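Shown here: run_1.txt, compact mmCIF, C-alpha atoms.
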# COMPACT_ATOMS: atom_id res chain seq x y z
CA MET I 13 0.00 0.00 0.00
CA LYS I 14 2.80 2.42 0.86
CA LYS I 15 4.49 1.86 -2.53
CA LEU I 16 1.13 2.26 -4.30
CA PHE I 17 0.52 5.57 -2.48
CA ILE I 18 3.93 6.91 -3.58
CA ILE I 19 3.25 5.93 -7.20
CA ILE I 20 -0.15 7.68 -7.14
CA ILE I 21 1.35 10.89 -5.71
CA ALA I 22 4.15 10.83 -8.27
CA SER I 23 1.61 10.37 -11.07
CA ILE I 24 -0.49 13.30 -9.83
CA PHE I 25 2.63 15.50 -9.62
CA PHE I 26 3.69 14.56 -13.14
CA CYS I 27 0.26 15.26 -14.59
CA GLY I 28 0.01 18.55 -12.70
CA CYS I 29 3.36 19.73 -14.04
CA LYS I 30 2.37 18.86 -17.56
CA GLU I 31 -1.03 20.56 -17.23
CA ASN I 32 0.39 23.82 -15.83
CA ASP I 33 3.27 23.88 -18.33
CA LEU I 34 5.87 24.90 -15.74
CA VAL I 35 8.78 27.03 -16.95
CA GLU I 36 12.03 25.14 -16.83
CA PHE I 37 15.02 26.81 -15.20
CA SER I 38 18.37 26.46 -16.88
CA ALA I 39 21.60 27.18 -15.03
CA ASP I 40 23.05 28.42 -18.33
CA ASP I 41 20.50 31.24 -18.59
CA SER I 42 20.60 34.61 -16.86
CA TYR I 43 17.43 36.36 -15.75
CA ILE I 44 16.74 40.07 -15.25
CA SER I 45 14.31 41.78 -12.86
CA PHE I 46 13.58 45.15 -11.31
CA ALA I 47 14.60 45.00 -7.65
CA LEU I 48 13.44 48.22 -5.98
CA PRO I 49 12.96 47.11 -2.35
CA ASP I 50 9.70 47.75 -0.51
CA LEU I 51 10.85 49.23 2.80
CA SER I 52 7.40 49.41 4.39
CA ASN I 53 6.78 47.48 7.60
CA ARG I 54 4.57 44.83 6.04
CA PRO I 55 5.21 44.72 2.31
CA LYS I 56 2.88 42.61 0.19
CA GLU I 57 5.74 41.99 -2.22
CA ARG I 58 9.49 42.07 -1.70
CA PHE I 59 9.98 44.57 -4.53
CA LEU I 60 7.99 47.57 -5.70
CA ASP I 61 6.60 47.90 -9.22
CA SER I 62 6.23 51.70 -9.13
CA VAL I 63 7.87 54.82 -7.72
CA TYR I 64 6.39 58.30 -7.20
CA TYR I 65 8.26 61.60 -7.12
CA SER I 66 7.19 65.26 -6.97
CA PHE I 67 9.52 68.23 -7.16
CA ALA I 68 6.97 70.09 -5.02
CA THR I 69 7.51 67.73 -2.07
CA ASP I 70 11.30 67.62 -2.33
CA THR I 71 12.89 69.23 0.73
CA ALA I 72 15.59 70.58 -1.59
CA ILE I 73 13.40 73.48 -2.68
CA GLY I 74 14.32 74.73 -6.13
CA ARG I 75 15.76 71.45 -7.38
CA GLN I 76 15.63 71.37 -11.19
CA GLU I 77 16.61 67.74 -11.81
CA LYS I 78 16.06 64.51 -9.96
CA THR I 79 17.64 61.12 -10.63
CA ILE I 80 15.67 58.03 -9.66
CA ALA I 81 17.85 54.95 -9.05
CA ILE I 82 16.20 51.61 -9.85
CA PRO I 83 18.16 48.49 -8.79
CA ILE I 84 18.34 45.75 -11.41
CA ALA I 85 19.00 42.20 -10.22
CA ILE I 86 20.06 39.15 -12.19
CA GLY I 87 19.40 35.52 -11.54
CA GLY I 88 21.94 32.97 -12.71
CA VAL I 89 25.70 33.21 -12.88
CA ALA I 90 27.54 36.53 -13.06
CA LYS I 91 29.84 36.92 -16.06
CA HIS I 92 33.31 38.45 -16.27
CA GLU I 93 32.21 40.95 -18.91
CA ALA I 94 29.59 43.68 -18.89
CA ARG I 95 26.27 42.74 -20.48
CA ASN I 96 23.46 44.88 -21.79
CA TYR I 97 19.83 44.06 -21.05
CA SER I 98 16.77 45.27 -22.94
CA TYR I 99 13.60 47.15 -22.08
CA GLU I 100 10.85 48.94 -23.96
CA ILE I 101 8.73 51.93 -23.05
CA ASN I 102 5.13 50.85 -22.66
CA PRO I 103 2.87 52.66 -25.18
CA ASN I 104 0.47 53.47 -22.32
CA SER I 105 3.09 55.84 -20.87
CA ASP I 106 2.11 59.51 -20.70
CA TYR I 107 5.12 61.81 -20.52
CA ASP I 108 7.24 64.38 -22.34
CA SER I 109 10.34 62.62 -23.65
CA ALA I 110 12.31 65.88 -23.39
CA LEU I 111 12.04 65.63 -19.60
CA ILE I 112 13.47 62.11 -19.30
CA GLU I 113 16.96 60.65 -19.69
CA ILE I 114 17.59 56.94 -19.03
CA SER I 115 21.06 55.51 -18.47
CA GLU I 116 22.57 52.67 -20.48
CA PRO I 117 20.91 49.38 -19.45
CA THR I 118 24.02 47.48 -18.42
CA ILE I 119 24.99 44.92 -15.82
CA ALA I 120 28.66 45.43 -15.02
CA ALA I 121 31.13 42.55 -14.99
CA ASP I 122 30.96 40.21 -11.98
CA ARG I 123 27.81 41.92 -10.68
CA TYR I 124 24.56 40.34 -9.53
CA ILE I 125 22.89 43.72 -9.12
CA ASP I 126 23.32 47.05 -10.89
CA THR I 127 21.34 50.27 -11.28
CA LEU I 128 19.24 51.92 -13.95
CA TYR I 129 19.14 55.71 -13.57
CA ILE I 130 16.17 57.80 -14.71
CA LYS I 131 16.92 61.55 -14.75
CA ILE I 132 13.83 63.77 -14.60
CA LYS I 133 13.90 67.47 -15.54
CA ARG I 134 11.59 69.98 -13.87
CA GLY I 135 9.51 71.07 -16.83
CA LYS I 136 6.89 73.81 -16.36
CA GLN I 137 4.13 71.48 -17.51
CA LEU I 138 4.70 69.28 -14.44
CA ALA I 139 3.10 71.94 -12.24
CA ALA I 140 -0.25 71.17 -13.86
CA LYS I 141 0.07 67.56 -14.97
CA GLU I 142 1.30 64.32 -13.44
CA MET I 143 3.30 62.27 -15.95
CA PHE I 144 4.45 58.67 -15.94
CA VAL I 145 6.67 56.36 -17.91
CA ILE I 146 6.37 52.56 -17.79
CA LEU I 147 9.41 50.39 -18.51
CA ASN I 148 9.00 46.74 -19.50
CA LEU I 149 11.98 44.41 -19.48
CA LYS I 150 12.53 42.28 -22.59
CA ASP I 151 14.44 39.13 -23.46
CA ASN I 152 17.66 39.55 -25.37
CA GLU I 153 20.78 37.54 -26.15
CA ASN I 154 22.12 38.09 -22.61
CA PHE I 155 19.09 37.87 -20.35
CA ARG I 156 15.63 36.41 -20.12
CA VAL I 157 12.90 38.23 -18.22
CA GLY I 158 12.65 36.96 -14.64
CA HIS I 159 9.59 37.07 -12.38
CA GLN I 160 6.71 38.71 -14.26
CA TYR I 161 5.73 40.90 -11.27
CA ASN I 162 9.19 42.46 -11.37
CA SER I 163 9.37 42.89 -15.13
CA GLU I 164 7.56 46.25 -15.20
CA MET I 165 8.39 49.56 -13.48
CA LYS I 166 6.17 52.64 -13.45
CA ILE I 167 7.82 55.99 -12.67
CA VAL I 168 5.30 58.72 -11.82
CA PHE I 169 6.53 62.31 -11.56
CA SER I 170 5.09 65.82 -11.19
CA ASP I 171 5.61 69.22 -9.63
CA ILE I 172 2.26 69.16 -7.88
CA MET I 173 1.80 69.71 -4.14
CA ILE I 174 -1.24 67.80 -2.91
CA GLN I 175 -2.77 68.66 0.45
CA PRO I 176 -2.01 65.74 2.78
CA THR I 177 -4.90 63.94 4.45
CA TRP I 178 -3.75 65.02 7.93
CA TRP I 179 -3.91 68.75 7.17
CA ASN I 180 -7.56 69.26 8.16
CA ALA I 181 -6.90 67.84 11.63
CA TRP I 182 -4.08 70.39 12.08
CA SER I 183 -5.55 73.37 10.21
CA ARG I 184 -6.35 75.33 13.38
CA VAL I 185 -2.60 75.62 14.07
CA MET I 186 -1.23 75.31 10.53
CA GLY I 187 -3.79 77.54 8.84
CA PRO I 188 -4.99 77.17 5.22
CA PHE I 189 -2.97 74.86 3.03
CA TYR I 190 -0.15 76.54 1.11
CA LYS I 191 2.59 74.65 -0.67
CA GLU I 192 5.13 77.12 0.77
CA VAL I 193 4.09 76.19 4.32
CA MET I 194 4.17 72.48 3.49
CA GLN I 195 7.64 72.69 1.95
CA LYS I 196 9.01 74.52 5.00
CA TRP I 197 7.31 72.05 7.32
CA MET I 198 9.02 69.19 5.50
CA GLN I 199 12.38 70.85 6.16
CA ILE I 200 11.65 71.49 9.84
CA TYR I 201 9.77 68.35 10.88
CA TYR I 202 11.80 65.68 9.10
CA LEU I 203 12.01 62.05 10.19
CA GLY I 204 14.34 62.01 13.20
CA ALA I 205 13.65 65.56 14.41
CA ASP I 206 11.05 64.25 16.88
CA MET I 207 12.18 61.21 18.87
CA SER I 208 8.89 60.91 20.82
CA PRO I 209 7.56 57.37 21.23
CA HIS I 210 4.18 56.41 19.83
CA LEU I 211 1.50 57.82 22.12
CA THR I 212 -0.59 54.64 22.44
CA THR I 213 1.78 51.75 21.71
CA ASN I 214 4.88 53.37 23.25
CA GLU I 215 6.87 52.20 20.23
CA PRO I 216 10.20 54.08 20.34
CA GLY I 217 10.73 57.01 18.00
CA PRO I 218 11.24 58.36 15.53
CA ILE I 219 7.60 57.84 14.63
CA TYR I 220 6.16 61.25 13.87
CA TYR I 221 7.28 63.52 11.04
CA TRP I 222 5.71 65.53 8.21
CA ASN I 223 4.52 62.41 6.37
CA ASN I 224 3.25 60.65 9.51
CA MET I 225 1.68 63.34 11.67
CA PRO I 226 0.01 62.65 15.03
CA SER I 227 -3.70 61.99 14.72
CA SER I 228 -4.83 65.12 16.60
CA ALA I 229 -3.55 68.62 17.26
CA ASN I 230 -3.31 68.32 21.04
CA PRO I 231 -0.34 70.18 22.55
CA GLY I 232 -0.54 68.18 25.77
CA TRP I 233 -0.14 64.90 23.90
CA TYR I 234 2.41 66.03 21.30
CA PRO I 235 4.53 68.83 22.82
CA ILE I 236 7.52 68.23 20.52
CA THR I 237 5.35 68.58 17.41
CA PHE I 238 4.03 71.89 18.73
CA MET I 239 7.55 73.07 19.50
CA TYR I 240 8.41 72.64 15.81
CA ILE I 241 5.15 74.30 14.75
CA GLN I 242 6.27 77.35 16.71
CA VAL I 243 9.52 77.30 14.71
CA LEU I 244 7.41 77.18 11.54
CA LYS I 245 5.24 80.06 12.74
CA ASN I 246 8.30 82.17 13.60
CA TYR I 247 9.75 81.58 10.13
CA PHE I 248 6.73 83.10 8.37
CA GLN I 249 6.66 85.99 10.82
CA GLU I 250 10.30 86.78 10.08
CA HIS I 251 10.15 86.16 6.32
CA VAL I 252 7.65 87.72 3.95
CA VAL I 253 6.34 84.91 1.75
CA TYR I 254 3.43 85.17 -0.67
CA PRO I 255 1.40 82.26 -2.09
CA ASP I 256 2.92 81.32 -5.44
CA ALA I 257 5.10 84.47 -5.11
CA ASP I 258 2.02 86.53 -5.99
CA THR I 259 2.36 89.85 -4.18
CA SER I 260 -1.27 90.73 -4.94
CA LYS I 261 -2.25 88.15 -2.35
CA GLU I 262 -1.90 88.42 1.41
CA ARG I 263 1.39 87.19 2.82
CA ILE I 264 1.43 83.81 4.53
CA LEU I 265 1.11 83.81 8.30
CA LEU I 266 0.18 80.95 10.58
CA PRO I 267 -2.69 81.39 13.06

Spell out the structure here as structure tokens.
Amino acid sequence: MKKLFIIIIASIFFCGCKENDLVEFSADDSYISFALPDLSNRPKERFLDSVYYSFATDTAIGRQEKTIAIPIAIGGVAKHEARNYSYEINPNSDYDSALIEISEPTIAADRYIDTLYIKIKRGKQLAAKEMFVILNLKDNENFRVGHQYNSEMKIVFSDIMIQPTWWNAWSRVMGPFYKEVMQKWMQIYYLGADMSPHLTTNEPGPIYYWNNMPSSANPGWYPITFMYIQVLKNYFQEHVVYPDADTSKERILLP
């Protein structure tokens, strides 16, 4: 009976493999994949398939170019010579080609991982429109496409400042939303400026920063946050700043 059971299982496995048409792996082949790591606490996938960037939310105010670095990983054996890989730009992409420069798609000698660089220029049209380019890896004489989930990368870019979801909860101390206030707040309340532990879980800091604000504007609960808000308020008292540099409007002042 035991031998019969093993034979039946082996037969089922063989039939299943044939039915699903499994891809065979060859040690002689090299495979290529995007390998941008997902650094969130509980990632659904090991690697990301998209990246978002806005000049408006860059703490380096006035930056005119930004280079996005996308790691490229190979599966198989590294070679002693540099090898090019191939990609194509998906026709569904929506972008101005004059704003994009992409580096040579090359895996250096003796490397299992290299980098593809996408340089983005700060065109005026980005202030009104979000653009994106989608890259799809392709087979060539050097590499086959690896895992399908990691064969496509979407790069979204703009110069648009979107009001964050937490702003309404803090509007009584931050005032109306202005991109100039948000940009300065990003510089002042960066990750690591506030080492307070999480209020409810007591998880050690840094927890709170401009992109992860406390849930309520309570100075008794979040005194460090309010200390930095005072710094923000002082800045706009000491510096005359107009919305969108339009002097016909009232200068920006916090409540």

Atom pair atom CA of Pro226 of chain I + atom CA of Ala68 of chain I, distance 22.5 Å

Of the candidates I:Val168, I:Val157, I:Val243, I:Val193, which one gets nearest to Gly88 of chain I if we count all atoms listed in the file?
I:Val157

At a cut-off of 12 Å, using only C-alpha atoms, what residues contact Thr212 of chain I? Leave out same-chain residues fewer than 3 positions from it and give the result as a short mmCIF file (atom, residue, chain, number, x, y, z; two decimals) with C-alpha atoms, in the frame of the given file.
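Contents of around-v3.cif, as written:
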data_model
loop_
_atom_site.label_atom_id
_atom_site.label_comp_id
_atom_site.auth_asym_id
_atom_site.auth_seq_id
_atom_site.Cartn_x
_atom_site.Cartn_y
_atom_site.Cartn_z
CA SER I 208 8.89 60.91 20.82
CA PRO I 209 7.56 57.37 21.23
CA GLU I 215 6.87 52.20 20.23
CA PRO I 216 10.20 54.08 20.34
CA ILE I 219 7.60 57.84 14.63
CA PRO I 226 0.01 62.65 15.03
CA SER I 227 -3.70 61.99 14.72
CA TRP I 233 -0.14 64.90 23.90
CA TYR I 234 2.41 66.03 21.30
#

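Ranking I:Lys141, I:Phe155, I:Leu266, I:Phe248 by their shortest atom-to-atom distance to Pro188 of chain I, with only C-alpha atoms included, puts I:Leu266 first.
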
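Using all atoms listed in the file, the shortest contact distance between Ile172 of chain I and any of I:Tyr107, I:Tyr190, I:Tyr254, I:Tyr129 is found at I:Tyr190.
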
Just how far from atom CA of Asp256 of chain I is atom CA of Ser66 of chain I, in Å to one decimal?
16.7 Å

Got a sec: who's within 10 Å of Ile80 of chain I, counting only C-alpha atoms, leaving out chain neighbours fewer than 4 positions off, as number ranges by chain?
I: 63-65, 114, 127-132, 167

Limited to C-alpha atoms, could you put the picked residues into a file as a short mmCIF file (atom, residue, chain, number, x, y, z; two decimals), in the coordinates of the input?
data_model
loop_
_atom_site.label_atom_id
_atom_site.label_comp_id
_atom_site.auth_asym_id
_atom_site.auth_seq_id
_atom_site.Cartn_x
_atom_site.Cartn_y
_atom_site.Cartn_z
CA VAL I 63 7.87 54.82 -7.72
CA TYR I 64 6.39 58.30 -7.20
CA TYR I 65 8.26 61.60 -7.12
CA ILE I 114 17.59 56.94 -19.03
CA THR I 127 21.34 50.27 -11.28
CA LEU I 128 19.24 51.92 -13.95
CA TYR I 129 19.14 55.71 -13.57
CA ILE I 130 16.17 57.80 -14.71
CA LYS I 131 16.92 61.55 -14.75
CA ILE I 132 13.83 63.77 -14.60
CA ILE I 167 7.82 55.99 -12.67
#

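The closest residue to Ala81 of chain I, picked from I:Phe46, I:Tyr124, I:Tyr201, I:Trp222 and counting all atoms listed in the file, is I:Phe46.
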
Would you work out the distance separating atom CA of Glu100 of chain I from atom CA of Asn148 of chain I, expressed in Å to one decimal?
5.3 Å

Could you give me, as number ranges by chain, the residues that sit within 10 Å of (25.8, 29.6, -9.7) in the file's coordinates, counting only C-alpha atoms?
I: 39-40, 87-90

Requested write-out: C-alpha atoms of the selected residues, as a JSON list (two decimals), in the frame of the given file:
[["chain", "number", "residue", "atom", "x", "y", "z"],
["I", 39, "ALA", "CA", 21.60, 27.18, -15.03],
["I", 40, "ASP", "CA", 23.05, 28.42, -18.33],
["I", 87, "GLY", "CA", 19.40, 35.52, -11.54],
["I", 88, "GLY", "CA", 21.94, 32.97, -12.71],
["I", 89, "VAL", "CA", 25.70, 33.21, -12.88],
["I", 90, "ALA", "CA", 27.54, 36.53, -13.06]]

Which neighbours of Leu244 of chain I fall inside 10 Å, counting all atoms listed in the file, when residues of the same chain fewer than 4 positions from it are skipped, and could you give them as a VMD selection string?
chain I and resid 186 193 to 194 196 to 197 199 to 201 238 to 240 248 to 249 265 to 266

With all atoms listed in the file as the counted atoms, please give the residues lying no more than 10 Å from Met207 of chain I, apart from itself and same-chain residues fewer than 6 positions off, as an MDAnalysis selection string.
chainID I and resid 216:221 236

When you count all atoms listed in the file, which of these residues is closest to Ser62 of chain I: I:Tyr99, I:Tyr43, I:Phe169, I:Tyr247?
I:Phe169

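Between Glu153 of chain I and the residues I:Ser260, I:Thr237, I:Asn246, I:Asn96, the shortest atom-to-atom distance, using only C-alpha atoms, involves I:Asn96.
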